[in-house]
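Take a look at the structure below.
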Amino acid sequence: MKRRILSSLMALVLCLTLLPAAAYADGGTAVYVSSSGSDDNAGTQTAPYATLAKAVTEAEDGSTIYVMSNLTMTKCARYYDKDLTITSLDPNNPVTISRGTEFDPQSDHARSWYNPAMVEVQTHTGGEGAGLTLTNIIFDDDGKKEGTVFAQAVSDGSIDNKTCVQDAIIASNATVPSTITLGDGAVLRNFGGMSAVRVTDQAKLVMKSGSVIEDASSITRSKGDAGSVGPAGAVWLQGGSLEMENGAEIRNINGRAVYADGGSVSVGGTISGITGNPAMWQGEDGTAIHLRNKASGTLLSGGIIKEISGTKSSSAVYVHTSTLNCNEESKICNCDSVGILSVYCDSNWNKGRNIVNFDGELSGTLNNKNPFQIACTNLTIGKNAKIHGNSAYYGALYLQKNVTADIYGKIYENTASGRGGGIGTAGHGFVEINLYKGAEIKDNIANNTGGGLSLKNAKFVMHGGKISGNRSNNNVGGGVYLYKDVVVELHGGTISGNIDKNGSNDITITDSRNSTSENNYLAISNDITIGNKAIYFEKD
């Protein structure tokens, strides 16, 4: 009897050791899927389901779904009000779940029949929150789509939603908190519809270290048939949120990485290799992060945006009626695009303004694309900010219209093909600049006037800091160049060692248009140090 009991216990232990850890750690709520299975099976490891749609329907809240082989999906895996994990059976050999051709349409009360995502995580109004975690698994749209119009499905019945392409690979339209988590080894690839992930309202996307959203090099997106607005981006937020942790990546995307139409974005990982595409919704602006409609974006310490490319209007970050914060030790670098582009919002000074707080590093901008191109914005360059080694057209800080800029950090070793190696104001609208103790504008070069600053339709107040070592390759304006309709008040700090073609030149005043209606004003305090006290007056 004792031997039989001992043998039974040993057999039980052996069976348990053969099961994946989660199969018994979560109370025996494991579900299995295999391409060789059947949806008439029990969903066990020895009798797996054939489809992910069946697995998510049958799985209990808190279950883990183990995918045993590569799958091709032709039906949406949609579920409500439960939290599920989907992973590969063998974590060392992640399987690929691909979108098949002739993917079945789906129906709900809001959209009638529409083309769905591969997986949809939904909540009922007033119900419990839902969630999805992916680890060690690949979802691949393979560039495929159902429908031909790149536009959002509507609920008013004005169009046939089956003409609209799918909104995502993974989607959550949540009216109560819901979280999609891309864990270690989770890969979303080659989105063929509007996005790779779409989250709305109360839904959140969390990208953990080791997660990736990417494109193959063969992917080039098109705008779609008549009625299209174009694809949204790899991540599409509509009031939802993205939390991208250190070690997560969005890379090699054609078009745009993040499109935030409202909601919030925080990036502690890396966004790289994004190629601008004019087919995208709202055009080619904001190829890495596009913020609009009062969205909030934060590039966290350790967060990196790099190697963004496109046309003159492409940008690493695009800001429209929104807020951007770049924290200390965040980086935007090596971009063949504008670095941060904040745009015209409203003709009223106080309405629709952008807020940009930059305390990180911006370097390596290529081909005169301007590291900063700023309008209708309250801009703060923080004490830890480093803006250096950039190729600009009109100033490392190109301030266009209705801007207030408070500068505490360092702007150095930038080159402008036009005016203003460090700072250039375009004169499109009034700009106010304040330079504070600890700030430095140094060793910048302008091929035209204003090696340090070229000012037009602006007020510049220097409370402290240094303007030094800047050079104009023009005849005048090595340091501070008062071009037209400028008020300059020098209350403290140092201006020295700036040069132009004629030699030492720290301050130049000119009115190149010879108009009596245009005036410049300069006030110099006893508390400021100027290396070359000879101020050059060009004419009039």
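By order in the structure tokens, chains are A, B, ...; within a chain, residues start at 1; ligands start at 1, following the order shown.
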### Query
Could you name the residues that touch A:Met244 at 7 Å or less, counting only C-alpha atoms, but leaving out those on the same chain fewer than 5 positions away, as a ChimeraX atom specification?
/A:206-208,266-269
Keeping only C-alpha atoms, write the selected residues to a file as a PDB file, in the first residue's frame.
```pdb
ATOM      1  CA  VAL A 206       2.336  49.961 -21.564  1.00  0.00           C
ATOM      2  CA  MET A 207       5.487  48.929 -23.443  1.00  0.00           C
ATOM      3  CA  LYS A 208       7.854  47.056 -21.115  1.00  0.00           C
ATOM      4  CA  SER A 266       5.585  59.181 -21.832  1.00  0.00           C
ATOM      5  CA  VAL A 267       8.652  57.765 -23.540  1.00  0.00           C
ATOM      6  CA  GLY A 268      11.516  56.260 -21.550  1.00  0.00           C
ATOM      7  CA  GLY A 269      12.517  53.878 -24.325  1.00  0.00           C
TER       8      GLY A 269
END
```
Tell me which protein, DNA and RNA residues are within 6 Å of A:Ser209, counting only C-alpha atoms, leaving out same-chain ones fewer than 2 positions away, and put them as a compact mmCIF listing (two decimals) with all heavy atoms, in the first residue's frame.
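Final output, saved to selection_6.txt:
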```
# COMPACT_ATOMS: atom_id res chain seq x y z
N ASP A 184 8.16 41.66 -22.22
CA ASP A 184 9.42 41.22 -22.81
C ASP A 184 9.16 40.22 -23.92
O ASP A 184 8.44 39.23 -23.73
CB ASP A 184 10.29 40.60 -21.72
CG ASP A 184 11.68 40.24 -22.22
OD1 ASP A 184 12.13 40.86 -23.21
OD2 ASP A 184 12.32 39.36 -21.62
N SER A 211 10.07 44.92 -25.42
CA SER A 211 8.96 44.92 -26.38
C SER A 211 9.32 45.80 -27.57
O SER A 211 10.08 46.76 -27.45
CB SER A 211 7.67 45.41 -25.72
OG SER A 211 7.78 46.76 -25.31
N ASN A 246 11.96 52.19 -20.31
CA ASN A 246 13.32 52.02 -20.78
C ASN A 246 13.53 50.60 -21.28
O ASN A 246 13.15 49.63 -20.62
CB ASN A 246 14.30 52.33 -19.65
CG ASN A 246 15.74 52.32 -20.12
OD1 ASN A 246 16.42 51.30 -20.01
ND2 ASN A 246 16.19 53.43 -20.64
N GLY A 247 14.13 50.47 -22.46
CA GLY A 247 14.36 49.15 -23.05
C GLY A 247 13.30 48.76 -24.06
O GLY A 247 13.48 47.78 -24.78
N ALA A 248 12.19 49.50 -24.13
CA ALA A 248 11.17 49.28 -25.17
C ALA A 248 11.57 50.05 -26.42
O ALA A 248 12.24 51.08 -26.34
CB ALA A 248 9.80 49.72 -24.68
```
### Query
Which residues come within 8 Å of A:Thr96, counting only C-alpha atoms, excluding same-chain residues fewer than 4 positions away, as a list in words?
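In the requested format, the answer is Ser69, Asn70, Leu71, Ile137, Ile138, Phe139 and Asp140 of chain A.
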### Task
Would you mind telling me which residue in A:Ile467, A:Val149, A:Ala196, A:Leu291 lies nearest to A:Lys162 when using only C-alpha atoms?
A:Val149
### Message
Would you compute the distance between atom CA of A:Thr135 and atom CA of A:Thr57? Give it in Å to one decimal.
### Response
19.6 Å
#### Entry: Residues of stretch 18-133 of chain A in helix (DSSP H, G or I), written as a list of chain:residue names
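The residues of stretch 18-133 of chain A classed as helix (DSSP H, G or I) are A:Leu18, A:Ala21, A:Ala22, A:Ala23, A:Tyr24, A:Ala25, A:Leu52, A:Ala53, A:Lys54, A:Ala55, A:Val56, A:Thr57, A:Glu58.
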### Message
Which of stretch 301-383 of chain A end up as strand (DSSP E or B) when DSSP is run on this backbone - answer as a ChimeraX atom specification?
### Response
/A:304-306,309,315-319,323-326,331-333,336,338-342,354-358,361-363,372-381
### Query
When you draw a straight line from atom CA of A:Ile180 to atom CA of A:Gly37, how long is it in Å?
26.9 Å
### Query
Distance atom CA of A:Asp285-atom CA of A:Gly255, one decimal place?
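Atom CA of A:Asp285 sits 9.4 Å away from atom CA of A:Gly255.
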### Message
Can you pull out the residues contacting stretch 470-486 of chain A? Cut-off 8 Å, using only C-alpha atoms, and skip same-chain residues under 2 positions away; I want them as a VMD selection string.
### Response
chain A and resid 421 441 to 460 467 to 468 488 495 to 502 504 to 512 518 to 521
### Counting only C-alpha atoms, the residue of A:Lys331, A:His109, A:His290, A:His428 that sits nearest A:Gly302
A:Lys331
Could you make a table, as a Markdown table, of the residues of stretch 160-254 of chain A that have an atom within 12 Å of an atom of stretch 72-79 of chain A, each with its nearest atom pair and distance in Å to one decimal, counting only C-alpha atoms, in chain and number order?
```
| residue | atom | partner | partner_atom | distance |
| --- | --- | --- | --- | --- |
| A:Gln166 | CA | A:Cys76 | CA | 10.7 |
| A:Ala168 | CA | A:Cys76 | CA | 11.2 |
| A:Ile169 | CA | A:Cys76 | CA | 9.7 |
| A:Ile170 | CA | A:Ala77 | CA | 9.7 |
| A:Ala171 | CA | A:Arg78 | CA | 9.5 |
| A:Ser172 | CA | A:Arg78 | CA | 9.7 |
| A:Asn173 | CA | A:Arg78 | CA | 11.4 |
```
For A:Pro91, list every protein, DNA or RNA residue within 10 Å, evaluated using only C-alpha atoms, and leave out those in the same chain fewer than 4 positions away; present the list as a PDB file with N, CA, C and O atoms, in the first residue's frame.
```pdb
ATOM      1  N   TYR A  66      -1.546  29.838 -23.949  1.00  0.00           N
ATOM      2  CA  TYR A  66      -0.281  29.402 -24.515  1.00  0.00           C
ATOM      3  C   TYR A  66      -0.486  29.026 -25.971  1.00  0.00           C
ATOM      4  O   TYR A  66      -1.288  28.138 -26.286  1.00  0.00           O
ATOM      5  N   THR A  87       0.926  34.201 -24.684  1.00  0.00           N
ATOM      6  CA  THR A  87       2.365  33.987 -24.806  1.00  0.00           C
ATOM      7  C   THR A  87       2.633  32.712 -25.586  1.00  0.00           C
ATOM      8  O   THR A  87       1.721  31.919 -25.842  1.00  0.00           O
ATOM      9  N   VAL A  95       6.365  32.193 -31.174  1.00  0.00           N
ATOM     10  CA  VAL A  95       5.601  31.897 -32.381  1.00  0.00           C
ATOM     11  C   VAL A  95       5.126  33.206 -33.005  1.00  0.00           C
ATOM     12  O   VAL A  95       5.135  34.273 -32.375  1.00  0.00           O
ATOM     13  N   THR A 135       3.616  38.445 -24.090  1.00  0.00           N
ATOM     14  CA  THR A 135       5.040  38.210 -23.852  1.00  0.00           C
ATOM     15  C   THR A 135       5.535  37.145 -24.810  1.00  0.00           C
ATOM     16  O   THR A 135       4.812  36.194 -25.136  1.00  0.00           O
ATOM     17  N   ASN A 136       6.756  37.305 -25.281  1.00  0.00           N
ATOM     18  CA  ASN A 136       7.428  36.288 -26.103  1.00  0.00           C
ATOM     19  C   ASN A 136       6.536  35.777 -27.225  1.00  0.00           C
ATOM     20  O   ASN A 136       6.369  34.571 -27.421  1.00  0.00           O
ATOM     21  N   ILE A 137       5.980  36.715 -27.980  1.00  0.00           N
ATOM     22  CA  ILE A 137       5.094  36.354 -29.076  1.00  0.00           C
ATOM     23  C   ILE A 137       5.106  37.470 -30.108  1.00  0.00           C
ATOM     24  O   ILE A 137       5.343  38.642 -29.771  1.00  0.00           O
ATOM     25  N   GLY A 185       9.743  40.467 -25.093  1.00  0.00           N
ATOM     26  CA  GLY A 185       9.605  39.542 -26.209  1.00  0.00           C
ATOM     27  C   GLY A 185       8.354  39.723 -27.038  1.00  0.00           C
ATOM     28  O   GLY A 185       8.161  38.994 -28.019  1.00  0.00           O
TER      29      GLY A 185
END
```
### Task
Would you mind telling me which residue in A:Asn93, A:Ile213, A:Thr85, A:Val67 lies nearest to A:Thr179 when using only C-alpha atoms?
A:Thr85
